[in-house]
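Everything below belongs to my_file.cif, which stores mmCIF, C-alpha atoms.
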data_data
#
loop_
_atom_site.label_atom_id
_atom_site.label_comp_id
_atom_site.auth_asym_id
_atom_site.auth_seq_id
_atom_site.Cartn_x
_atom_site.Cartn_y
_atom_site.Cartn_z
CA MET A 682 0.00 0.00 0.00
CA ALA A 683 1.27 3.46 -0.86
CA ASP A 684 1.93 6.24 1.67
CA PRO A 685 -1.15 7.52 3.51
CA MET A 686 -3.14 10.56 2.41
CA ARG A 687 -3.86 13.43 4.77
CA ILE A 688 -7.56 14.20 4.72
CA ARG A 689 -9.27 17.01 6.61
CA ALA A 690 -13.00 17.65 6.48
CA GLN A 691 -14.43 20.72 8.19
CA ALA A 692 -18.13 21.45 8.37
CA ALA A 693 -19.32 25.06 8.21
CA GLY A 694 -23.09 25.23 8.14
CA ASP A 695 -24.47 23.11 5.33
CA LYS A 696 -21.16 22.97 3.45
CA THR A 697 -18.21 20.79 4.35
CA VAL A 698 -14.82 21.56 2.87
CA VAL A 699 -12.69 18.47 2.32
CA ARG A 700 -8.96 18.88 1.76
CA VAL A 701 -6.86 15.94 0.66
CA LEU A 702 -3.09 15.76 0.28
CA MET A 703 -2.01 12.63 -1.60
CA SER A 704 1.47 11.23 -1.60
CA HIS A 705 2.36 10.24 -5.16
CA GLU A 706 5.29 10.80 -7.53
CA MET A 707 3.01 11.57 -10.54
CA GLU A 708 5.59 10.93 -13.25
CA THR A 709 4.43 12.19 -16.64
CA GLY A 710 6.43 9.72 -18.65
CA GLN A 711 8.20 12.57 -20.43
CA ARG A 712 11.16 12.97 -18.08
CA LYS A 713 14.52 11.35 -18.68
CA ASP A 714 16.91 10.28 -15.96
CA SER A 715 20.61 11.21 -15.83
CA ALA A 716 21.46 8.20 -18.02
CA GLY A 717 19.07 9.42 -20.73
CA LYS A 718 16.45 6.73 -20.15
CA THR A 719 12.82 7.84 -20.08
CA ILE A 720 11.29 7.56 -16.62
CA ALA A 721 8.10 5.52 -17.00
CA ALA A 722 4.74 7.25 -16.55
CA TRP A 723 3.29 6.67 -13.11
CA PHE A 724 0.32 8.73 -12.10
CA ILE A 725 -3.05 8.59 -10.40
CA GLN A 726 -5.77 7.89 -12.95
CA GLU A 727 -8.93 7.69 -10.90
CA VAL A 728 -10.02 9.42 -7.74
CA SER A 729 -13.28 8.89 -5.91
CA ALA A 730 -14.73 10.16 -2.67
CA THR A 731 -17.63 8.92 -0.60
CA HIS A 732 -19.64 10.47 2.19
CA ASN A 733 -20.97 7.82 4.61
CA GLY A 734 -20.50 5.30 1.80
CA LYS A 735 -22.36 7.32 -0.82
CA PRO A 736 -20.21 8.44 -3.80
CA VAL A 737 -19.88 12.22 -3.97
CA LEU A 738 -16.93 12.77 -6.29
CA GLY A 739 -15.32 11.00 -9.20
CA ALA A 740 -12.30 12.24 -11.12
CA GLN A 741 -10.15 11.07 -13.99
CA TRP A 742 -6.64 12.45 -13.80
CA GLY A 743 -3.80 12.42 -16.26
CA PRO A 744 -0.09 13.21 -16.30
CA SER A 745 -0.71 16.96 -16.03
CA VAL A 746 -1.49 16.72 -12.32
CA SER A 747 1.66 17.44 -10.37
CA LYS A 748 3.47 15.56 -7.67
CA ASN A 749 1.85 15.13 -4.26
CA PRO A 750 -1.54 16.32 -5.49
CA PHE A 751 -3.70 18.51 -3.31
CA LEU A 752 -7.45 18.18 -3.86
CA GLN A 753 -10.08 20.37 -2.25
CA PHE A 754 -13.85 20.01 -2.69
CA THR A 755 -17.08 20.89 -0.93
CA ILE A 756 -19.93 18.55 -0.08
CA LYS A 757 -23.38 19.54 1.06
CA GLY A 758 -25.36 18.07 3.90
CA ALA A 759 -22.50 16.56 5.89
CA LYS A 760 -22.28 17.03 9.62
CA ALA A 761 -19.69 16.43 12.31
CA GLY A 762 -19.08 12.75 12.88
CA ASP A 763 -19.82 11.70 9.29
CA LYS A 764 -17.25 9.62 7.45
CA VAL A 765 -15.54 10.87 4.31
CA ALA A 766 -13.38 8.40 2.40
CA VAL A 767 -11.11 9.16 -0.56
CA SER A 768 -9.67 6.52 -2.89
CA TRP A 769 -7.27 6.62 -5.77
CA THR A 770 -6.00 4.15 -8.35
CA ASP A 771 -2.90 4.72 -10.45
CA ASN A 772 -1.80 3.46 -13.86
CA ARG A 773 0.20 0.66 -12.26
CA GLY A 774 -2.90 -0.63 -10.52
CA ASP A 775 -1.77 0.62 -7.08
CA LYS A 776 -4.58 1.78 -4.87
CA ARG A 777 -5.01 3.71 -1.69
CA THR A 778 -8.05 4.52 0.41
CA ASP A 779 -8.11 6.71 3.49
CA GLU A 780 -10.90 7.88 5.67
CA THR A 781 -11.56 10.77 8.00
CA THR A 782 -14.30 12.06 10.24
CA VAL A 783 -15.93 15.42 9.61
CA THR A 784 -15.16 17.93 12.37
CA MET B 958 -8.23 58.13 -39.05
CA LYS B 959 -7.49 54.42 -38.69
CA PRO B 960 -3.89 54.83 -37.41
CA LEU B 961 -5.12 57.27 -34.72
CA PHE B 962 -7.70 54.76 -33.50
CA ILE B 963 -5.10 51.99 -33.21
CA VAL B 964 -2.70 54.22 -31.27
CA GLY B 965 -5.53 55.15 -28.90
CA ALA B 966 -6.38 51.51 -28.26
CA SER B 967 -2.81 50.45 -27.52
CA ALA B 968 -2.35 53.45 -25.20
CA THR B 969 -5.36 52.25 -23.18
CA LEU B 970 -3.96 48.74 -23.09
CA LEU B 971 -0.61 50.01 -21.85
CA ALA B 972 -2.34 52.02 -19.10
CA CYS B 973 -4.23 48.93 -17.89
CA TRP B 974 -1.12 46.79 -17.95
CA SER B 975 0.98 49.21 -15.89
CA ALA B 976 -1.86 49.63 -13.36
CA GLN B 977 -1.83 45.88 -12.78
CA ALA B 978 1.96 45.92 -12.50
CA GLN B 979 1.66 48.17 -9.42
CA LYS B 980 1.51 45.00 -7.30
CA SER B 981 5.17 44.29 -6.63
CA ALA B 982 6.87 41.04 -7.43
CA ALA B 983 7.27 40.41 -3.69
CA ASP B 984 3.50 40.77 -3.18
CA GLY B 985 2.82 38.39 -6.03
CA ILE B 986 5.16 35.79 -4.58
CA ALA B 987 3.62 36.21 -1.13
CA GLU B 988 0.16 35.63 -2.63
CA TYR B 989 1.40 32.52 -4.43
CA ARG B 990 2.88 31.17 -1.21
CA LYS B 991 -0.35 31.81 0.68
CA MET B 992 -2.22 29.77 -1.91
CA LEU B 993 0.25 26.93 -1.50
CA GLU B 994 0.08 26.81 2.29
CA ASP B 995 -3.02 24.64 2.31
CA GLY B 996 -1.92 21.16 1.45
CA ASN B 997 1.79 21.66 2.06
CA PRO B 998 3.35 18.31 1.11
CA ALA B 999 5.66 18.81 4.10
CA ASP B 1000 2.72 17.34 6.05
CA LEU B 1001 3.34 14.02 4.32
CA PHE B 1002 6.97 14.05 5.44
CA GLU B 1003 5.91 15.04 8.95
CA ALA B 1004 3.58 12.04 9.08
CA LYS B 1005 6.33 9.77 7.78
CA GLY B 1006 8.75 11.17 10.35
CA GLU B 1007 6.32 10.59 13.18
CA ALA B 1008 5.90 6.97 12.11
CA LEU B 1009 9.68 6.53 11.93
CA TRP B 1010 10.14 8.07 15.39
CA LYS B 1011 7.88 5.44 16.91
CA GLN B 1012 8.87 2.48 14.75
CA LYS B 1013 11.27 -0.17 16.05
CA ARG B 1014 14.12 -0.30 13.54
CA GLY B 1015 17.74 -1.23 13.07
CA PRO B 1016 19.87 -4.05 14.47
CA LYS B 1017 18.79 -3.13 18.00
CA ASN B 1018 15.14 -3.15 16.97
CA ALA B 1019 14.35 -0.03 18.95
CA SER B 1020 12.35 3.13 18.36
CA LEU B 1021 13.69 6.69 18.71
CA GLU B 1022 11.28 7.53 21.49
CA GLN B 1023 14.11 7.72 24.03
CA CYS B 1024 16.18 10.08 21.89
CA ASP B 1025 17.40 13.16 23.74
CA LEU B 1026 17.17 16.18 21.47
CA GLY B 1027 18.31 18.52 24.21
CA LYS B 1028 15.25 18.79 26.42
CA GLY B 1029 15.33 15.30 27.87
CA ALA B 1030 14.84 11.80 26.54
CA GLY B 1031 11.82 11.61 24.27
CA VAL B 1032 10.91 15.32 24.52
CA VAL B 1033 10.15 16.48 20.98
CA LYS B 1034 8.11 19.64 21.47
CA GLY B 1035 10.31 22.70 21.84
CA ALA B 1036 13.51 20.88 20.93
CA PHE B 1037 13.79 22.30 17.41
CA VAL B 1038 13.98 25.94 18.50
CA GLU B 1039 16.89 25.20 20.84
CA LEU B 1040 19.08 23.45 18.28
CA PRO B 1041 21.99 23.37 17.63
CA ARG B 1042 23.19 22.99 21.21
CA TYR B 1043 25.86 21.23 23.26
CA PHE B 1044 25.32 17.60 24.23
CA SER B 1045 27.32 16.18 27.11
CA ASP B 1046 27.14 12.58 25.92
CA THR B 1047 28.86 13.31 22.61
CA GLN B 1048 30.68 16.39 23.97
CA LYS B 1049 29.82 18.27 20.81
CA VAL B 1050 27.50 20.98 19.65
CA GLN B 1051 25.07 19.20 17.38
CA ASP B 1052 22.28 20.30 15.08
CA LEU B 1053 18.97 18.50 14.62
CA GLU B 1054 20.08 16.15 11.89
CA SER B 1055 23.40 15.11 13.38
CA ARG B 1056 21.64 14.56 16.71
CA LEU B 1057 19.00 12.37 15.01
CA VAL B 1058 21.81 10.34 13.44
CA THR B 1059 23.48 10.01 16.88
CA CYS B 1060 20.23 8.59 18.24
CA MET B 1061 19.75 6.33 15.23
CA GLU B 1062 23.21 4.97 15.94
CA SER B 1063 23.08 4.65 19.73
CA LEU B 1064 19.47 3.55 20.10
CA GLN B 1065 18.88 1.63 16.88
CA GLY B 1066 22.36 0.44 15.94
CA LEU B 1067 22.35 2.03 12.49
CA SER B 1068 25.67 3.25 11.12
CA GLY B 1069 26.10 7.02 11.46
CA ALA B 1070 29.06 7.02 9.10
CA GLU B 1071 27.05 5.22 6.41
CA ILE B 1072 24.17 7.65 6.77
CA ALA B 1073 26.54 10.62 6.49
CA LYS B 1074 27.97 9.21 3.27
CA THR B 1075 24.52 8.61 1.74
CA PRO B 1076 23.52 11.36 -0.70
CA PHE B 1077 20.42 13.43 0.07
CA GLY B 1078 17.27 11.88 -1.31
CA ARG B 1079 18.47 8.31 -0.93
CA GLY B 1080 18.04 5.57 1.60
CA GLU B 1081 18.37 6.55 5.24
CA GLN B 1082 18.88 10.23 4.35
CA ASN B 1083 15.20 10.32 3.38
CA ASN B 1084 14.36 9.01 6.82
CA VAL B 1085 16.55 11.60 8.52
CA THR B 1086 14.79 14.34 6.54
CA ALA B 1087 11.36 12.98 7.47
CA LEU B 1088 12.36 12.76 11.13
CA ALA B 1089 13.75 16.30 11.05
CA THR B 1090 10.47 17.50 9.52
CA TYR B 1091 8.51 15.80 12.29
CA VAL B 1092 10.67 17.27 15.06
CA ALA B 1093 10.55 20.75 13.51
CA ALA B 1094 6.76 20.58 13.14
CA ALA B 1095 6.40 19.90 16.87
CA SER B 1096 7.86 23.37 17.53
CA ARG B 1097 5.75 25.21 14.99
CA GLY B 1098 4.97 28.71 16.23
CA LEU B 1099 7.58 28.64 19.00
CA ARG B 1100 10.39 31.18 19.06
CA PHE B 1101 14.07 30.45 18.59
CA ASN B 1102 16.03 30.37 21.81
CA LEU B 1103 19.35 28.61 21.22
CA PRO B 1104 21.36 28.17 24.43
CA GLN B 1105 24.74 29.88 24.66
CA GLY B 1106 25.41 29.00 28.28
CA HIS B 1107 28.09 26.42 27.57
CA ALA B 1108 31.55 27.63 26.56
CA GLU B 1109 31.56 25.23 23.62
CA GLU B 1110 28.29 26.75 22.32
CA ARG B 1111 29.87 30.19 22.40
CA ARG B 1112 33.03 28.93 20.73
CA ILE B 1113 31.04 27.34 17.92
CA TYR B 1114 29.10 30.58 17.46
CA GLU B 1115 32.36 32.43 16.89
CA ILE B 1116 33.51 29.78 14.42
CA GLY B 1117 30.16 30.12 12.68
CA LYS B 1118 30.63 33.84 12.36
CA ARG B 1119 34.02 33.33 10.74
CA VAL B 1120 32.64 30.66 8.40
CA PHE B 1121 29.79 33.01 7.45
CA PHE B 1122 32.15 35.78 6.40
CA PHE B 1123 34.87 33.55 4.93
CA ARG B 1124 35.34 34.28 1.23
CA GLY B 1125 36.52 31.50 -1.00
CA GLY B 1126 35.74 29.31 -3.94
CA PRO B 1127 36.16 30.32 -7.60
CA TYR B 1128 33.88 33.37 -7.18
CA ASP B 1129 35.32 34.51 -3.87
CA PHE B 1130 31.84 34.28 -2.34
CA SER B 1131 30.96 34.02 1.29
CA CYS B 1132 27.57 33.51 2.90
CA ALA B 1133 27.71 37.25 3.53
CA SER B 1134 27.95 37.97 -0.21
CA CYS B 1135 24.23 37.22 -0.44
CA HIS B 1136 23.07 37.30 3.16
CA GLY B 1137 25.20 40.03 4.69
CA GLU B 1138 23.01 43.08 4.06
CA ASP B 1139 19.39 44.20 4.09
CA GLY B 1140 17.36 44.44 0.93
CA LYS B 1141 19.30 42.09 -1.33
CA ARG B 1142 17.78 39.72 -3.82
CA ILE B 1143 18.75 37.26 -6.56
CA ARG B 1144 16.46 37.60 -9.56
CA LEU B 1145 13.05 37.51 -7.86
CA GLN B 1146 14.19 35.79 -4.67
CA ASP B 1147 14.49 38.11 -1.67
CA LEU B 1148 17.54 37.29 0.44
CA PRO B 1149 17.27 37.62 4.22
CA ASN B 1150 20.05 39.35 6.12
CA LEU B 1151 21.33 36.54 8.33
CA THR B 1152 23.78 38.61 10.35
CA LYS B 1153 20.82 39.56 12.54
CA ASN B 1154 17.25 38.46 13.23
CA PRO B 1155 15.59 38.60 9.80
CA GLY B 1156 12.08 38.30 11.26
CA ASP B 1157 9.47 35.63 11.96
CA GLY B 1158 9.44 32.68 9.63
CA VAL B 1159 12.41 33.88 7.59
CA GLY B 1160 15.85 32.39 7.01
CA PHE B 1161 16.79 29.94 9.75
CA ALA B 1162 13.15 29.97 10.90
CA ALA B 1163 11.83 28.72 7.56
CA TRP B 1164 13.66 25.42 7.18
CA PRO B 1165 13.02 22.44 6.85
CA ALA B 1166 10.82 23.33 3.91
CA TYR B 1167 9.17 21.66 0.93
CA ARG B 1168 10.39 23.06 -2.37
CA VAL B 1169 7.58 23.03 -4.90
CA SER B 1170 9.89 23.62 -7.88
CA ASN B 1171 11.65 20.29 -7.47
CA GLY B 1172 9.16 18.47 -5.24
CA GLN B 1173 11.74 17.82 -2.54
CA MET B 1174 11.75 18.14 1.23
CA TRP B 1175 14.85 20.11 2.27
CA SER B 1176 16.38 20.06 5.69
CA MET B 1177 18.80 22.75 6.89
CA GLN B 1178 21.72 20.45 6.10
CA LEU B 1179 20.56 20.20 2.49
CA ARG B 1180 19.87 23.93 2.35
CA LEU B 1181 23.45 24.67 3.46
CA ASN B 1182 24.83 22.02 1.12
CA ASP B 1183 23.06 23.75 -1.76
CA CYS B 1184 24.26 27.19 -0.65
CA TYR B 1185 27.81 25.89 -0.92
CA ARG B 1186 27.03 24.36 -4.31
CA GLN B 1187 25.70 27.72 -5.50
CA GLN B 1188 28.91 29.40 -4.35
CA ARG B 1189 30.84 26.70 -6.22
CA PHE B 1190 32.51 25.55 -3.02
CA PRO B 1191 33.22 21.86 -2.44
CA TYR B 1192 30.26 20.17 -0.78
CA PRO B 1193 30.45 20.22 3.02
CA GLY B 1194 30.29 16.88 4.77
CA PHE B 1195 26.89 15.96 6.21
CA GLY B 1196 26.75 17.25 9.77
CA SER B 1197 30.22 18.76 9.47
CA GLU B 1198 31.42 21.27 12.04
CA ALA B 1199 31.27 24.09 9.48
CA THR B 1200 27.58 23.53 8.78
CA ILE B 1201 26.75 23.20 12.48
CA ALA B 1202 28.75 26.33 13.28
CA VAL B 1203 26.97 28.38 10.61
CA SER B 1204 23.65 27.03 11.91
CA VAL B 1205 24.54 28.17 15.43
CA PHE B 1206 25.47 31.61 14.06
CA MET B 1207 22.14 31.93 12.23
CA GLY B 1208 20.10 30.38 15.00
CA VAL B 1209 21.49 32.59 17.76
CA ASN B 1210 21.09 35.68 15.54
CA ALA B 1211 17.47 34.67 14.98
CA LYS B 1212 16.70 34.60 18.71
CA GLY B 1213 13.03 35.42 19.24
CA ALA B 1214 12.01 34.75 15.64
CA GLU B 1215 8.96 32.53 15.22
CA SER B 1216 9.55 29.18 13.56
CA ILE B 1217 7.20 28.32 10.71
CA ALA B 1218 8.96 25.05 9.92
CA PRO B 1219 8.13 22.92 8.04
CA ALA B 1220 7.43 25.63 5.49
CA ILE B 1221 6.83 25.73 1.75
CA LYS B 1222 9.10 27.37 -0.78
CA ARG B 1223 8.87 28.07 -4.50
#
Give the structure from this file in structure tokens form.
Amino acid sequence: MADPMRIRAQAAGDKTVVRVLMSHEMETGQRKDSAGKTIAAWFIQEVSATHNGKPVLGAQWGPSVSKNPFLQFTIKGAKAGDKVAVSWTDNRGDKRTDETTVT
Amino acid sequence: MKPLFIVGASATLLACWSAQAQKSAADGIAEYRKMLEDGNPADLFEAKGEALWKQKRGPKNASLEQCDLGKGAGVVKGAFVELPRYFSDTQKVQDLESRLVTCMESLQGLSGAEIAKTPFGRGEQNNVTALATYVAAASRGLRFNLPQGHAEERRIYEIGKRVFFFRGGPYDFSCASCHGEDGKRIRLQDLPNLTKNPGDGVGFAAWPAYRVSNGQMWSMQLRLNDCYRQQRFPYPGFGSEATIAVSVFMGVNAKGAESIAPAIKR
């Protein structure tokens, strides 16, 4: 399993702001190493988020997203104590899911 | 008629453009940094460092939770703003990273010499950087207060001052060439005056930091290493007396400055 994500979810009235920091190299596949060999593409392709199990966000990413991506989004109708989970899958088939509680 | 109209239009455009350019480059950079603060990838290194602090590792299969960073065994909060300082067990003034390596050696049985030889960004050096980020984060918001009570601490400060002003290398640079006066900058990068307290969250108070431009977490040892590279000096040894001395010089000068480490840089 890859390095953990840092997820924070803060409720303010009806809106909850979720901030996610993912740990990922996000190689575009365009870079070359010092020996001149192309560094293979390695990036997150799919991101999804759920609120108490219900899907609230889906994203398809490509090589233009930079290293250690930061994602911020707002969900409606969440309250303190609810669970928000974020998952990603990369082009190598690696996955990661982390969960947090809304404060 | 037509030429007049075109001149009029471009004059208006020029006026708009120069009005927008009233915001200085420094303001623009400050705005950019504010936007980056949320989701500072340094948090990932802090989390990794915390895990490493508590994890049993090395031939002795022990954690670092008994490591003395200057405020007692296992005390992490407040340690960062009092480093470098003198340690009686090693009888040396040590900075954060060399002290972490001392603990990794004495508590976990890892080889300090091997770690010092490892280039930044590889192997155990990554772990040292993550640990340093974790320890620094525990003192976020506290003010620098390096001890100078021990004679050795004062001696190292004086060495640091000499190292800071020592001119050498193919360009005859010293640290002071860039950091010896107020108001200097390189291209768009403002340079803090490190001969005195440059203010909260500046200079010594802003490292370790995550550098967005190369996606790397930089500790003070790496920052100094790169300063020497930029001056075209030979690379200093990891945890060498010169780097610790210059750190003491900067840290004591920065007394009272608020630490914002781990920070984020362009």
Counting all atoms listed in the file, chain B residues within 8 Å of chain A, as a ChimeraX atom specification: /B:996-998,1000-1001,1172
- prompt: Mind telling me what the PyMOL selection byres ((chain B and resi 1041) around 9) catches here, as a PyMOL selection string?
  reply: chain B and resi 1027+1037-1040+1042-1043+1050-1053+1056+1103-1104+1110+1201-1202+1204-1205+1208
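Note that CA of Thr781 in chain A and CA of Ala766 in chain A are 6.3 Å apart.
Comparing B:Ser1170, B:Lys980, B:Leu1151, B:Ile1217 by their smallest distance to Val1203 in chain B, the closest is B:Leu1151 (using only C-alpha atoms).
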- prompt: Which residues match the PyMOL selection byres ((chain B and resi 1161) around 12) in the file above, as an MDAnalysis selection string?
  reply: chainID B and resid 1037:1038 1040:1041 1093 1100:1101 1103 1136 1148:1160 1162:1166 1176:1178 1180:1181 1203:1220
May I have the selected residues written with C-alpha atoms, as a PDB file, keeping the file's coordinate frame?
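Contents of the output file result-v8.pdb:
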ATOM      1  CA  PHE B1037      13.790  22.300  17.410  1.00  0.00           C
ATOM      2  CA  VAL B1038      13.980  25.940  18.500  1.00  0.00           C
ATOM      3  CA  LEU B1040      19.080  23.450  18.280  1.00  0.00           C
ATOM      4  CA  PRO B1041      21.990  23.370  17.630  1.00  0.00           C
ATOM      5  CA  ALA B1093      10.550  20.750  13.510  1.00  0.00           C
ATOM      6  CA  ARG B1100      10.390  31.180  19.060  1.00  0.00           C
ATOM      7  CA  PHE B1101      14.070  30.450  18.590  1.00  0.00           C
ATOM      8  CA  LEU B1103      19.350  28.610  21.220  1.00  0.00           C
ATOM      9  CA  HIS B1136      23.070  37.300   3.160  1.00  0.00           C
ATOM     10  CA  LEU B1148      17.540  37.290   0.440  1.00  0.00           C
ATOM     11  CA  PRO B1149      17.270  37.620   4.220  1.00  0.00           C
ATOM     12  CA  ASN B1150      20.050  39.350   6.120  1.00  0.00           C
ATOM     13  CA  LEU B1151      21.330  36.540   8.330  1.00  0.00           C
ATOM     14  CA  THR B1152      23.780  38.610  10.350  1.00  0.00           C
ATOM     15  CA  LYS B1153      20.820  39.560  12.540  1.00  0.00           C
ATOM     16  CA  ASN B1154      17.250  38.460  13.230  1.00  0.00           C
ATOM     17  CA  PRO B1155      15.590  38.600   9.800  1.00  0.00           C
ATOM     18  CA  GLY B1156      12.080  38.300  11.260  1.00  0.00           C
ATOM     19  CA  ASP B1157       9.470  35.630  11.960  1.00  0.00           C
ATOM     20  CA  GLY B1158       9.440  32.680   9.630  1.00  0.00           C
ATOM     21  CA  VAL B1159      12.410  33.880   7.590  1.00  0.00           C
ATOM     22  CA  GLY B1160      15.850  32.390   7.010  1.00  0.00           C
ATOM     23  CA  ALA B1162      13.150  29.970  10.900  1.00  0.00           C
ATOM     24  CA  ALA B1163      11.830  28.720   7.560  1.00  0.00           C
ATOM     25  CA  TRP B1164      13.660  25.420   7.180  1.00  0.00           C
ATOM     26  CA  PRO B1165      13.020  22.440   6.850  1.00  0.00           C
ATOM     27  CA  ALA B1166      10.820  23.330   3.910  1.00  0.00           C
ATOM     28  CA  SER B1176      16.380  20.060   5.690  1.00  0.00           C
ATOM     29  CA  MET B1177      18.800  22.750   6.890  1.00  0.00           C
ATOM     30  CA  GLN B1178      21.720  20.450   6.100  1.00  0.00           C
ATOM     31  CA  ARG B1180      19.870  23.930   2.350  1.00  0.00           C
ATOM     32  CA  LEU B1181      23.450  24.670   3.460  1.00  0.00           C
ATOM     33  CA  VAL B1203      26.970  28.380  10.610  1.00  0.00           C
ATOM     34  CA  SER B1204      23.650  27.030  11.910  1.00  0.00           C
ATOM     35  CA  VAL B1205      24.540  28.170  15.430  1.00  0.00           C
ATOM     36  CA  PHE B1206      25.470  31.610  14.060  1.00  0.00           C
ATOM     37  CA  MET B1207      22.140  31.930  12.230  1.00  0.00           C
ATOM     38  CA  GLY B1208      20.100  30.380  15.000  1.00  0.00           C
ATOM     39  CA  VAL B1209      21.490  32.590  17.760  1.00  0.00           C
ATOM     40  CA  ASN B1210      21.090  35.680  15.540  1.00  0.00           C
ATOM     41  CA  ALA B1211      17.470  34.670  14.980  1.00  0.00           C
ATOM     42  CA  LYS B1212      16.700  34.600  18.710  1.00  0.00           C
ATOM     43  CA  GLY B1213      13.030  35.420  19.240  1.00  0.00           C
ATOM     44  CA  ALA B1214      12.010  34.750  15.640  1.00  0.00           C
ATOM     45  CA  GLU B1215       8.960  32.530  15.220  1.00  0.00           C
ATOM     46  CA  SER B1216       9.550  29.180  13.560  1.00  0.00           C
ATOM     47  CA  ILE B1217       7.200  28.320  10.710  1.00  0.00           C
ATOM     48  CA  ALA B1218       8.960  25.050   9.920  1.00  0.00           C
ATOM     49  CA  PRO B1219       8.130  22.920   8.040  1.00  0.00           C
ATOM     50  CA  ALA B1220       7.430  25.630   5.490  1.00  0.00           C
TER      51      ALA B1220
END
Among the residues A:Gln711, A:Thr782, A:Thr719, A:Asn772, the one that comes closest to Val699 in chain A [using only C-alpha atoms]: A:Thr782
Given the PyMOL selection byres ((chain A and resi 742) around 8), the residues it picks as a PDB file with C-alpha atoms, in the coordinates of the input:
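New file result21.pdb:
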ATOM      1  CA  ILE A 725      -3.050   8.590 -10.400  1.00  0.00           C
ATOM      2  CA  GLN A 726      -5.770   7.890 -12.950  1.00  0.00           C
ATOM      3  CA  GLU A 727      -8.930   7.690 -10.900  1.00  0.00           C
ATOM      4  CA  VAL A 728     -10.020   9.420  -7.740  1.00  0.00           C
ATOM      5  CA  ALA A 740     -12.300  12.240 -11.120  1.00  0.00           C
ATOM      6  CA  GLN A 741     -10.150  11.070 -13.990  1.00  0.00           C
ATOM      7  CA  GLY A 743      -3.800  12.420 -16.260  1.00  0.00           C
ATOM      8  CA  PRO A 744      -0.090  13.210 -16.300  1.00  0.00           C
ATOM      9  CA  SER A 745      -0.710  16.960 -16.030  1.00  0.00           C
ATOM     10  CA  VAL A 746      -1.490  16.720 -12.320  1.00  0.00           C
TER      11      VAL A 746
END
field: Residues within 7 Å of (-16.1, 15.4, -2.3), counting all atoms listed in the file, listed as a PyMOL selection string
entry: chain A and resi 699+730-731+737-738+754-756
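When the distance limit is 10 Å and all atoms listed in the file are what count, the residues near Thr1059 in chain B, minus those fewer than 6 positions from it on the same chain, are B:Cys1024, B:Asp1025, B:Leu1026, B:Thr1047, B:Gln1051, B:Leu1053, B:Gln1065, B:Gly1066, B:Leu1067, B:Ser1068, B:Gly1069.
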I'd like the contact shell of Trp723 in chain A - 9 Å cut-off, only C-alpha atoms, skipping same-chain residues fewer than 3 positions apart - returned as a PDB file with C-alpha atoms, keeping the file's coordinate frame.
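selection_5.pdb, freshly written:
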ATOM      1  CA  HIS A 705       2.360  10.240  -5.160  1.00  0.00           C
ATOM      2  CA  GLU A 706       5.290  10.800  -7.530  1.00  0.00           C
ATOM      3  CA  MET A 707       3.010  11.570 -10.540  1.00  0.00           C
ATOM      4  CA  GLU A 708       5.590  10.930 -13.250  1.00  0.00           C
ATOM      5  CA  THR A 709       4.430  12.190 -16.640  1.00  0.00           C
ATOM      6  CA  GLY A 710       6.430   9.720 -18.650  1.00  0.00           C
ATOM      7  CA  ILE A 720      11.290   7.560 -16.620  1.00  0.00           C
ATOM      8  CA  PRO A 744      -0.090  13.210 -16.300  1.00  0.00           C
ATOM      9  CA  ASP A 771      -2.900   4.720 -10.450  1.00  0.00           C
ATOM     10  CA  ASN A 772      -1.800   3.460 -13.860  1.00  0.00           C
ATOM     11  CA  ARG A 773       0.200   0.660 -12.260  1.00  0.00           C
TER      12      ARG A 773
END
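If you measure from each of A:Ala692, A:Thr784, A:Trp769, A:Val698 to Gly739 in chain A using all atoms listed in the file, the closest one turns out to be A:Trp769.
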